[in-house]
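Taking it in order: structure first as structure tokens, then the write-up.
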Amino acid sequence: MRGEPKKTIWFQIGLIAILLLVCFLFPWVLLLVGILAWTVYTDLVSPMYPSVPPPRTWRDAKPLDDDWLTLFCEGCESPAEEQFLRAMVKEFALKPNNGVLESPELILAMQVEVENYRFDFLANGRQVIEVDGAAYHSSPDQVERDRIRDEYSVRSGYKVLRIPAAVVFKSPQEAIRRVRAAIAETPSYTTPKKMTLPSETRTFAQHFNGFLDGVARFDRNVSVLQQVNQATMGFEAAIETEEKQLAALVKLTELEKPREATQREGSEMNNLAPSIQLVRDRELTSTFHWQEIVQPPRVEDAEVQHRIDEAFRSAMRGRDTRLAALKERCARDPVFLKHLCLKMVAARYPAKDAMKIVPVPIYFEAVSAFERHDAFRDQYWGDIPYS
């Protein structure tokens, strides 16, 4: 526990004080006092808890690591940069080596800091590659900052290539073609040679614009995150509601099964669903409320749209996995299948989704069972054809 080392030290100090009094009678006790004093000293200067190693980054990646590409992608500052990086790794067969990516044809570094600027990528030591989002690099102020930045890069001996994010997302091969054309003059690693100018008149401007560039990047990242969160809020809430309510229906089904344990499996739906159960299930209609899962409308910003698409695909993959697991359970347990089907119908779970879990004939039998007891068809089925 956290307080135990302190208690031990204070106990040792108290023991030393007592032994110091004893020393007046037995001088040899001073030897024991010295040993205890050294123990207290080592406890005080030694760390109380072991240090936690820092998390791994792309700079720590090794070629044999299974997650080396993931580490490099986590170092990217935007989805467009990640998309570009993956395309470059595939095209040039790049492998990690001491924080950079290498192949016989190319050496690619990322997030390279030079003076007050940071380049997205640096190929063969000289070719700067910037992946520009339209919203971030289209304003007049940002265009001027990019111009000053590029002038500084050229004076410092670098070549500059800017690739719009839209090109990266829509045509990765076009982005690769532009890179190949740019590095044709530097097929191997070369050291930048700074241009000598009569005077450096933009020193303050470079510092100031480097600061503004960092602020603009931060604002852009915040803006993208806000837009993505706003766009994904609807379908994420709908999927979460569906997950919780399906779990509740499964729980109710598990409680219902013992009541029907004595009945023969495989019997007709009307035998497995007596009137008393239908009366109980009818109460689910007012309890469960489902939200429609709708993919958000498209936006003009390519980076924001890419993130929204990734979030939607990820959420739907998780949902499909849950529905598939429930379908598999229904296939193994016919009694569970029929009781769950009755409850999905009673709870008004959307028919198109219910039939992803249970066989279509069983679903129609459940609907018919409710129709035979009351006017459930007009309240629930609506204009969906089922006969």
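Chain labels run A, B, ... following the order of the structure tokens; each chain numbers its residues from 1, and ligands are numbered from 1 in the order shown.
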
- Write out as a ChimeraX atom specification all residues of segment 55-253 of chain A that backbone DSSP assigns to strand (DSSP E or B). /A:95-97,100-102,107-114,117-123,127-132,159-164

- Please provide the set of residues having any atom within 9 Å of segment 208-212 of chain A, restricted to only C-alpha atoms, with same-chain residues fewer than 5 positions apart removed, written as a PyMOL selection string. chain A and resi 116-118+142+145-146+148-149+203+217

- Query: Quick one: residues within 10 Å of segment 164-176 of chain A, only C-alpha atoms counted, chain neighbours fewer than 6 positions away excluded, as a list in words?
  - Reply: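 So the residues in contact are Ser78, Pro79, Ala80, Glu81, Glu82, Gln83, Phe84, Leu85, Arg86, Ala87, Met88, Glu91, Phe92, Glu130, Val131, Asp132, Gly133, Ala134, Ala135, His137, Ala182, Asp301, Ala302, Glu303 and His306 of chain A.
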
Might you pull out every residue within 6 Å of segment 228-235 of chain A, with only C-alpha atoms counted and same-chain residues fewer than 3 positions away left off, and present them as a PDB file with C-alpha atoms, in the first residue's frame?
```
ATOM      1  CA  LEU A 225     -13.375  16.619 -34.320  1.00  0.00           C
ATOM      2  CA  ALA A 238     -29.383   4.532 -32.395  1.00  0.00           C
ATOM      3  CA  ILE A 293     -29.911   3.808 -37.996  1.00  0.00           C
ATOM      4  CA  VAL A 294     -29.126   6.241 -40.806  1.00  0.00           C
ATOM      5  CA  ILE A 308     -17.327   9.940 -40.625  1.00  0.00           C
TER       6      ILE A 308
END
```

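Taking atom CA of Asp150 of chain A and atom CA of Ala123 of chain A as endpoints, the distance between them is 15.7 Å.
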
- What separates atom CA of Ala247 of chain A and atom CA of Leu326 of chain A is a distance of 9.9 Å

- Message: One decimal, in Å: what's the spacing between atom CA of Cys341 of chain A and atom CA of Ala354 of chain A?
- Response: 7.8 Å

DSSP on the backbone, alpha helix (DSSP H) only: what residues of segment 126-159 of chain A does that give? Format it as a PDB file with C-alpha atoms, in the first residue's frame.
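Contents of out-v6.pdb, as written:
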```pdb
ATOM      1  CA  ALA A 134      -8.912  21.952 -48.371  1.00  0.00           C
ATOM      2  CA  ALA A 135     -10.522  23.618 -45.358  1.00  0.00           C
ATOM      3  CA  TYR A 136      -7.207  24.105 -43.573  1.00  0.00           C
ATOM      4  CA  HIS A 137      -5.117  25.407 -46.471  1.00  0.00           C
ATOM      5  CA  PRO A 140      -6.095  33.643 -47.634  1.00  0.00           C
ATOM      6  CA  ASP A 141      -4.156  33.833 -44.365  1.00  0.00           C
ATOM      7  CA  GLN A 142      -3.149  30.191 -44.545  1.00  0.00           C
ATOM      8  CA  VAL A 143      -2.195  30.472 -48.214  1.00  0.00           C
ATOM      9  CA  GLU A 144       0.148  33.338 -47.306  1.00  0.00           C
ATOM     10  CA  ARG A 145       1.622  31.374 -44.391  1.00  0.00           C
ATOM     11  CA  ASP A 146       2.175  28.384 -46.680  1.00  0.00           C
ATOM     12  CA  ARG A 147       3.935  30.647 -49.195  1.00  0.00           C
ATOM     13  CA  ILE A 148       6.310  32.022 -46.549  1.00  0.00           C
ATOM     14  CA  ARG A 149       6.901  28.533 -45.204  1.00  0.00           C
ATOM     15  CA  ASP A 150       7.681  27.159 -48.679  1.00  0.00           C
ATOM     16  CA  GLU A 151      10.061  30.044 -49.412  1.00  0.00           C
ATOM     17  CA  TYR A 152      11.926  29.317 -46.189  1.00  0.00           C
ATOM     18  CA  SER A 153      12.077  25.594 -47.051  1.00  0.00           C
ATOM     19  CA  VAL A 154      13.496  26.315 -50.519  1.00  0.00           C
ATOM     20  CA  ARG A 155      16.090  28.730 -49.121  1.00  0.00           C
TER      21      ARG A 155
END
```

- Task: Point out the residue among A:Thr57, A:Asn221, A:Thr285, A:Ser156 with the least atom-to-atom distance to Ala347 of chain A, counting only C-alpha atoms.
- Result: A:Thr285

- Message: Nearest residue to Phe336 of chain A out of A:Val89, A:Leu249, A:Ile163, A:Val40, using only C-alpha atoms?
- Response: A:Leu249
